[in-house]
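Participant: Contents of start_18.txt (compact mmCIF, C-alpha atoms and all ligand atoms) are given next:
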# COMPACT_ATOMS: atom_id res chain seq x y z
CA MET H 272 15.95 -1.78 16.75
CA SER H 273 16.33 -3.69 13.54
CA ASP H 274 15.35 -2.08 10.25
CA LEU H 275 13.71 -5.31 9.14
CA MET H 276 9.97 -4.71 9.26
CA LEU H 277 8.83 -7.99 7.73
CA ASP H 278 10.51 -11.34 7.62
CA PHE H 279 8.51 -14.16 6.04
CA ARG H 280 10.18 -17.52 5.75
CA ASP H 281 8.53 -20.29 3.81
CA VAL H 282 5.12 -18.89 4.72
CA SER H 283 2.06 -20.83 3.69
CA LEU H 284 -1.60 -20.33 4.44
CA THR H 285 -4.41 -22.84 4.18
CA TYR H 286 -7.85 -21.57 5.21
CA PRO H 287 -10.08 -23.76 7.41
CA GLY H 288 -12.23 -24.63 4.36
CA GLY H 289 -9.16 -26.17 2.75
CA THR H 290 -8.19 -23.43 0.27
CA THR H 291 -4.43 -23.03 0.14
CA ALA H 292 -3.88 -19.32 -0.53
CA LEU H 293 -0.10 -19.06 -0.13
CA ALA H 294 2.71 -21.55 -0.60
CA SER H 295 6.31 -21.14 0.46
CA VAL H 296 6.49 -17.37 0.38
CA GLY H 297 9.74 -15.72 1.43
CA LEU H 298 9.63 -11.95 1.91
CA ARG H 299 11.96 -9.59 3.68
CA VAL H 300 11.17 -5.90 3.73
CA ALA H 301 13.35 -3.37 5.55
CA ARG H 302 12.75 0.29 6.26
CA GLY H 303 13.52 2.25 3.09
CA GLU H 304 12.29 -0.56 0.82
CA PHE H 305 9.07 -0.38 -1.15
CA VAL H 306 7.95 -3.74 -2.45
CA SER H 307 5.07 -4.13 -4.87
CA VAL H 308 3.26 -7.41 -5.38
CA VAL H 309 1.48 -8.23 -8.62
CA GLY H 310 -0.40 -11.44 -9.33
CA PRO H 311 -3.69 -12.83 -10.62
CA SER H 312 -6.93 -12.34 -8.66
CA GLY H 313 -7.33 -14.89 -5.90
CA CYS H 314 -3.62 -15.74 -5.69
CA GLY H 315 -3.38 -14.70 -2.05
CA LYS H 316 -2.19 -11.08 -2.16
CA SER H 317 -4.72 -9.78 0.37
CA SER H 318 -4.05 -12.82 2.55
CA LEU H 319 -0.34 -11.96 2.46
CA LEU H 320 -1.05 -8.40 3.61
CA ARG H 321 -3.32 -9.60 6.40
CA ILE H 322 -0.49 -11.72 7.75
CA ALA H 323 1.91 -8.77 7.36
CA SER H 324 -0.47 -6.56 9.35
CA GLY H 325 -0.69 -9.08 12.16
CA LEU H 326 -4.44 -9.59 11.54
CA GLY H 327 -3.89 -12.98 9.92
CA THR H 328 -1.75 -15.91 10.94
CA ALA H 329 0.33 -18.15 8.70
CA THR H 330 -0.45 -21.84 8.93
CA GLY H 331 3.07 -22.84 7.87
CA GLY H 332 6.53 -21.32 8.04
CA GLU H 333 7.40 -18.24 10.02
CA ALA H 334 6.08 -14.69 9.62
CA VAL H 335 7.81 -12.12 11.80
CA VAL H 336 6.45 -8.58 11.82
CA GLY H 337 9.10 -6.24 13.21
CA ALA H 338 7.11 -3.05 12.77
CA GLU H 339 5.52 -1.28 15.73
CA ARG H 340 3.10 0.89 13.78
CA VAL H 341 1.38 -0.52 10.71
CA GLY H 342 -0.58 1.61 8.23
CA TYR H 343 -3.12 -0.24 6.07
CA VAL H 344 -4.92 1.29 3.12
CA PHE H 345 -7.62 -0.45 1.06
CA GLN H 346 -9.34 0.20 -2.25
CA ASP H 347 -12.39 1.41 -0.35
CA ALA H 348 -11.46 4.55 1.58
CA THR H 349 -13.73 3.36 4.45
CA LEU H 350 -14.61 6.85 5.69
CA LEU H 351 -17.47 7.40 8.11
CA PRO H 352 -20.04 9.37 6.08
CA TRP H 353 -21.37 11.43 8.99
CA LEU H 354 -17.95 12.71 10.11
CA SER H 355 -16.07 15.61 8.54
CA VAL H 356 -12.84 14.95 6.68
CA LEU H 357 -10.87 16.24 9.67
CA ASP H 358 -12.74 14.03 12.14
CA ASN H 359 -12.29 10.99 9.91
CA VAL H 360 -8.55 11.58 9.89
CA ALA H 361 -8.55 12.22 13.65
CA LEU H 362 -10.12 8.80 14.26
CA PHE H 363 -6.85 6.94 14.15
CA PRO H 364 -4.93 9.03 16.66
CA ARG H 365 -7.97 8.57 18.91
CA LEU H 366 -7.17 4.86 18.95
CA THR H 367 -3.68 5.68 20.18
CA GLY H 368 -5.13 7.52 23.18
CA ALA H 369 -3.96 11.03 22.22
CA GLY H 370 -5.98 13.95 23.58
CA LYS H 371 -8.47 15.82 21.39
CA ALA H 372 -6.33 18.90 20.68
CA VAL H 373 -3.33 16.76 19.75
CA ARG H 374 -5.50 14.54 17.53
CA ARG H 375 -6.85 17.47 15.62
CA GLU H 376 -3.36 18.90 15.21
CA GLN H 377 -2.06 15.57 13.86
CA ALA H 378 -5.05 15.28 11.55
CA ARG H 379 -4.57 18.80 10.24
CA ALA H 380 -0.89 18.16 9.54
CA ALA H 381 -1.72 14.92 7.70
CA LEU H 382 -4.38 16.66 5.58
CA GLU H 383 -1.85 19.34 4.73
CA THR H 384 0.59 16.63 3.63
CA VAL H 385 -1.89 15.16 1.14
CA GLY H 386 -3.01 18.58 -0.13
CA LEU H 387 -6.47 18.60 1.45
CA ALA H 388 -6.09 21.27 4.14
CA ASP H 389 -8.91 23.30 2.57
CA PHE H 390 -11.37 20.40 2.76
CA ALA H 391 -11.19 19.70 6.50
CA THR H 392 -14.83 20.59 7.16
CA HIS H 393 -16.26 18.79 4.12
CA LEU H 394 -18.16 15.54 4.39
CA PRO H 395 -16.85 12.48 2.51
CA HIS H 396 -19.65 12.55 -0.09
CA GLN H 397 -18.58 16.05 -1.11
CA LEU H 398 -15.21 14.73 -2.30
CA SER H 399 -14.11 12.94 -5.48
CA GLY H 400 -12.93 9.32 -5.30
CA GLY H 401 -9.31 10.45 -5.54
CA MET H 402 -9.78 12.94 -2.70
CA ARG H 403 -11.42 10.30 -0.51
CA MET H 404 -8.39 8.11 -1.09
CA ARG H 405 -6.14 11.00 -0.02
CA VAL H 406 -8.15 11.23 3.20
CA SER H 407 -7.62 7.53 3.74
CA LEU H 408 -3.86 8.00 3.20
CA ALA H 409 -3.84 10.95 5.61
CA ARG H 410 -5.62 8.88 8.25
CA SER H 411 -2.93 6.20 8.09
CA LEU H 412 -0.17 8.83 8.07
CA THR H 413 -1.28 10.03 11.50
CA LEU H 414 -0.06 6.68 12.84
CA GLU H 415 3.43 7.45 11.51
CA PRO H 416 3.66 3.88 10.25
CA ASP H 417 7.02 2.16 10.01
CA LEU H 418 5.31 -0.46 7.83
CA PHE H 419 2.79 0.78 5.29
CA LEU H 420 0.53 -1.78 3.57
CA PHE H 421 -1.56 -0.96 0.51
CA ASP H 422 -4.17 -3.34 -0.90
CA GLU H 423 -4.98 -2.19 -4.45
CA PRO H 424 -5.69 1.29 -3.13
CA PHE H 425 -6.15 3.05 -6.46
CA GLY H 426 -7.87 0.26 -8.40
CA ALA H 427 -11.21 2.07 -8.64
CA LEU H 428 -9.80 5.38 -9.88
CA ASP H 429 -9.29 6.71 -13.40
CA GLU H 430 -5.81 6.43 -14.84
CA LEU H 431 -4.60 9.98 -14.35
CA THR H 432 -5.92 10.24 -10.78
CA ARG H 433 -4.22 6.95 -10.13
CA GLU H 434 -0.90 8.24 -11.47
CA LEU H 435 -1.15 11.42 -9.41
CA LEU H 436 -1.84 9.45 -6.25
CA GLY H 437 1.05 7.15 -7.09
CA GLU H 438 3.28 10.19 -7.33
CA GLU H 439 1.97 11.27 -3.93
CA VAL H 440 2.84 7.91 -2.40
CA ALA H 441 6.31 8.03 -4.03
CA ARG H 442 6.86 11.45 -2.49
CA LEU H 443 5.70 10.29 0.95
CA PHE H 444 8.01 7.31 0.72
CA ALA H 445 10.97 9.50 -0.31
CA GLU H 446 10.31 11.73 2.71
CA ARG H 447 9.51 9.17 5.35
CA ARG H 448 11.34 6.02 4.31
CA PHE H 449 8.87 3.60 5.87
CA ALA H 450 8.81 0.00 4.66
CA GLY H 451 6.11 -0.36 2.00
CA VAL H 452 4.21 -3.34 0.62
CA PHE H 453 1.90 -2.39 -2.23
CA VAL H 454 -0.49 -4.79 -3.95
CA THR H 455 -1.62 -3.72 -7.41
CA HIS H 456 -2.78 -5.04 -10.77
CA SER H 457 -0.97 -2.24 -12.58
CA VAL H 458 2.50 -3.14 -13.79
CA SER H 459 3.49 0.48 -14.37
CA GLU H 460 2.23 1.52 -10.94
CA ALA H 461 4.24 -1.27 -9.33
CA LEU H 462 7.40 -0.27 -11.16
CA TYR H 463 6.98 3.43 -10.63
CA LEU H 464 6.65 3.13 -6.87
CA SER H 465 8.94 0.33 -5.95
CA THR H 466 12.45 -0.61 -5.08
CA ARG H 467 11.44 -4.22 -5.79
CA VAL H 468 8.55 -5.92 -7.58
CA LEU H 469 7.39 -9.46 -6.79
CA VAL H 470 5.41 -11.43 -9.33
CA MET H 471 3.11 -14.09 -7.91
CA SER H 472 1.68 -17.18 -9.58
CA GLY H 473 -1.97 -18.20 -9.55
CA ARG H 474 -3.29 -19.89 -6.38
CA PRO H 475 -1.64 -21.08 -4.30
CA GLY H 476 0.41 -17.92 -4.65
CA ARG H 477 4.16 -18.29 -4.77
CA ILE H 478 6.73 -15.76 -5.84
CA THR H 479 7.80 -16.53 -9.39
CA ASP H 480 9.97 -13.49 -10.13
CA THR H 481 11.72 -10.80 -8.10
CA VAL H 482 12.64 -7.65 -10.00
CA GLU H 483 15.03 -5.20 -8.37
CA VAL H 484 14.12 -1.74 -9.61
CA PRO H 485 17.21 0.34 -10.32
CA PHE H 486 15.71 3.85 -10.59
CA ALA H 487 17.22 5.92 -7.78
CA GLY H 488 15.59 8.53 -5.59
CA GLU H 489 12.36 10.39 -6.06
CA ARG H 490 10.31 9.45 -9.13
CA THR H 491 9.26 11.89 -11.80
CA PRO H 492 6.38 11.25 -14.24
CA ALA H 493 8.73 11.09 -17.27
CA LEU H 494 10.29 7.91 -15.85
CA ARG H 495 7.30 5.96 -17.18
CA PHE H 496 8.36 6.71 -20.76
CA THR H 497 12.00 5.64 -20.60
CA PRO H 498 13.25 2.49 -22.39
CA GLU H 499 14.57 1.06 -19.09
CA PHE H 500 11.11 1.36 -17.57
CA GLY H 501 9.57 -0.29 -20.63
CA ALA H 502 11.97 -3.23 -20.54
CA LEU H 503 11.25 -3.98 -16.88
CA ALA H 504 7.51 -3.54 -17.43
CA GLN H 505 7.68 -6.11 -20.20
CA ARG H 506 9.48 -8.60 -17.96
CA ILE H 507 6.89 -8.21 -15.18
CA SER H 508 4.00 -8.34 -17.61
CA THR H 509 5.30 -11.56 -19.18
CA GLY H 510 5.68 -13.16 -15.75
CA LEU H 511 2.16 -12.12 -14.81
CA ARG H 512 0.71 -13.65 -17.97
CA GLU H 513 2.32 -16.96 -17.16
CA GLY H 514 0.61 -16.87 -13.76
CA TYR H 515 -2.77 -16.26 -15.39
CA ALA H 516 -2.28 -19.16 -17.76
CA ALA H 517 -1.34 -21.54 -14.94
P1 LIG I 601 -6.15 -11.88 -3.81
O1 LIG I 601 -6.09 -10.74 -2.86
O2 LIG I 601 -4.85 -12.17 -4.48
O3 LIG I 601 -7.24 -11.72 -4.83
P2 LIG I 601 -7.01 -13.39 -1.48
O4 LIG I 601 -5.88 -13.36 -0.54
O5 LIG I 601 -8.14 -12.45 -1.20
O6 LIG I 601 -6.48 -13.20 -2.98
O7 LIG I 601 -7.63 -14.85 -1.52
C1 LIG I 601 -6.83 -15.99 -1.87
C2 LIG I 601 -7.70 -17.22 -1.82
O8 LIG I 601 -8.10 -17.49 -0.49
C3 LIG I 601 -8.99 -17.10 -2.63
O9 LIG I 601 -9.27 -18.32 -3.22
C4 LIG I 601 -10.04 -16.76 -1.59
O10 LIG I 601 -11.29 -17.22 -1.99
C5 LIG I 601 -9.50 -17.50 -0.38
N1 LIG I 601 -9.87 -16.82 0.87
C6 LIG I 601 -9.60 -15.53 1.19
N2 LIG I 601 -10.03 -15.23 2.42
C7 LIG I 601 -10.59 -16.36 2.90
C8 LIG I 601 -11.22 -16.72 4.14
N3 LIG I 601 -11.33 -15.84 5.14
N4 LIG I 601 -11.67 -18.00 4.28
C9 LIG I 601 -11.54 -18.90 3.29
N5 LIG I 601 -10.96 -18.62 2.10
C10 LIG I 601 -10.49 -17.39 1.90
MG MG I 602 -7.12 -8.95 -2.79
Written as C-alpha cells, that's how I'd like the structure from this file.
Facilitator:
Amino acid sequence: MSDLMLDFRDVSLTYPGGTTALASVGLRVARGEFVSVVGPSGCGKSSLLRIASGLGTATGGEAVVGAERVGYVFQDATLLPWLSVLDNVALFPRLTGAGKAVRREQARAALETVGLADFATHLPHQLSGGMRMRVSLARSLTLEPDLFLFDEPFGALDELTRELLGEEVARLFAERRFAGVFVTHSVSEALYLSTRVLVMSGRPGRITDTVEVPFAGERTPALRFTPEFGALAQRISTGLREGYAA
C-alpha cells in the first residue's frame, strides 16, 4: 500500500449556487506528514477537508483519497449529552461492527491515551470544553485513522488549553505517524504541529505559500519562543494578511 493518503491535483470546487470555493489546489499528504492550512474565513478550508474525507466531491481536477480510515474532528465536540464519556467514545467502534466488549476496551484505551481514564462515567456537561475536545479526539482515535482531519478543533478554547491540546496532538502524531491535515486560524498552532504549513488566499481559495517546517521530532513548548519559530511565524502571518486584503 502506498503511503500517500491524499493526492489533490488541480482541485477546484464550485457549489451548485455558483460560489467557487476552491481553485486549482494541489495537495499531497503522505503518512508521517502533518500539514496545517491557514487562510481567511470563507476561503474554502472546510470544503477542502470535506473533499479529503470523501464526504465532498471536487467539481474540477482530481482528488484521490488513499486512506482507508479517516478521523475527522470539528470545533464542536459533537458528543451525545445523554451518553457517558465512555459510551460516546465507544460510538465509533460500534460503526465498525465490533462487539460490545471490544468496543468498550477500545474506548477505555483511547480515553487513557488522552488522559481521561478517570472520567469514563461522567456525562459531557460535567466536563470542561478542553476535556470535551479530548473526548472527541479519543473517539476518532478508536478508528485508528491513517488520515486525521481537524477543522479548527481548538478555536473555541482559551489559549493555554489550546496549547496543551496542541501538545497532545503533537504527541499523538509522533507516536502514530498518521497523515494529518489541520485547519486553524492560529499561526503558532499551525507551526507548532506541522511538518508543512499551507497559506491560502481569500475565496476562491488557492495555495499562496508552502512553508516546510524544519523542526525535527517531538515538539516541546519552548519551541514557540525560538527565533527560528518567530521567523517562520512572521512569514506565514505576512502571507495570511495578503489573503485578507485580497
Ligand atoms: P472556510 O472553512 O475556509 O471558512 P468554507 O469551505 O466553509 O470556508 O466555505 C467556502 C465558501 O463556500 C463560502 O463562501 C461558503 O459560503 C461556501 N459554501 C460552503 N458550503 C457550501 C454549500 N454547501 N453550498 C453552497 N456554498 C457553500
Ligand atoms: Mg471552515
Participant: For H:Leu362, which residue out of H:Gln346, H:Ser407, H:Ser399, H:Val385 is the nearest one, using only C-alpha atoms?
Facilitator: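 Closest residue, counting only C-alpha atoms: H:Ser407.
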Participant: Check every protein, DNA and RNA residue against ligand MG 602 (chain I), keep those with an atom at most 10 Å away (counting all atoms listed in the file), and present them as a PyMOL selection string.
Facilitator: chain H and resi 310-321+345-346+422-423+454-456
Participant: Point out the residue among H:Ala450, H:Leu284, H:Leu431, H:Leu418 with the least atom-to-atom distance to ligand LIG 601 (chain I), counting only C-alpha atoms and all ligand atoms.
Facilitator: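 Among H:Ala450, H:Leu284, H:Leu431, H:Leu418, it is H:Leu284 that comes nearest to ligand LIG 601 (chain I).
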Participant: Enclose all atoms of ligand LIG 601 (chain I) listed in the file in an axis-aligned box, grow every side by 4 Å, and hand back centre and edge lengths in Å to one decimal, as AutoDock Vina command-line options.
Facilitator:
--center_x -8.3 --center_y -14.8 --center_z 0.2 --size_x 14.8 --size_y 16.2 --size_z 18.0
Participant: Which polymer residues have any atom within 12 Å of an atom of stretch 402-406 of chain H, counting all atoms listed in the file, with same-chain residues fewer than 4 positions away left out, as a PyMOL selection string?
Facilitator: chain H and resi 344-352+355-363+378-391+393-398+410-413+421+423-428+432-433+435-440+443
Participant: Nearest residue to ligand LIG 601 (chain I) out of H:Pro475, H:Gly501, H:Gly488, H:Gly342, using all atoms listed in the file?
Facilitator: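 Checking each of H:Pro475, H:Gly501, H:Gly488, H:Gly342 against ligand LIG 601 (chain I), counting all atoms listed in the file, the winner is H:Pro475.
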Participant: Just checking: using only C-alpha atoms, which residue out of H:Ile478, H:Ala323, H:Leu462, H:Val373 ends up closest to H:Gly297?
Facilitator: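 Comparing H:Ile478, H:Ala323, H:Leu462, H:Val373 against H:Gly297, the winner is H:Ile478.
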Participant: Can you work out which one of H:Arg495, H:Arg467, H:Arg477, H:Arg490 has the shortest atom-to-atom distance to H:Asp281, counting only C-alpha atoms?
Facilitator: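 Selected residue with least distance to H:Asp281: H:Arg477.
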Participant: If we count only C-alpha atoms, what is near stretch 337-340 of chain H at a cut-off of 10 Å, once residues fewer than 6 positions away on the same chain are taken out, given as an MDAnalysis selection string?
Facilitator: chainID H and resid 272:278 300:302 323:325 411 414:419 449:450
Participant: Hey, can you check how far atom CA of H:Leu494 sits from atom CA of H:Val306?
Facilitator: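 Result for atom CA of H:Leu494 versus atom CA of H:Val306: 17.9 Å, one decimal.
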Participant: So which one's closest to H:Met471, H:Glu430, H:Glu513, H:Glu483, H:Glu499? Using all atoms listed in the file, please.
Facilitator: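 Nearest candidate to H:Met471 out of H:Glu430, H:Glu513, H:Glu483, H:Glu499: H:Glu513.
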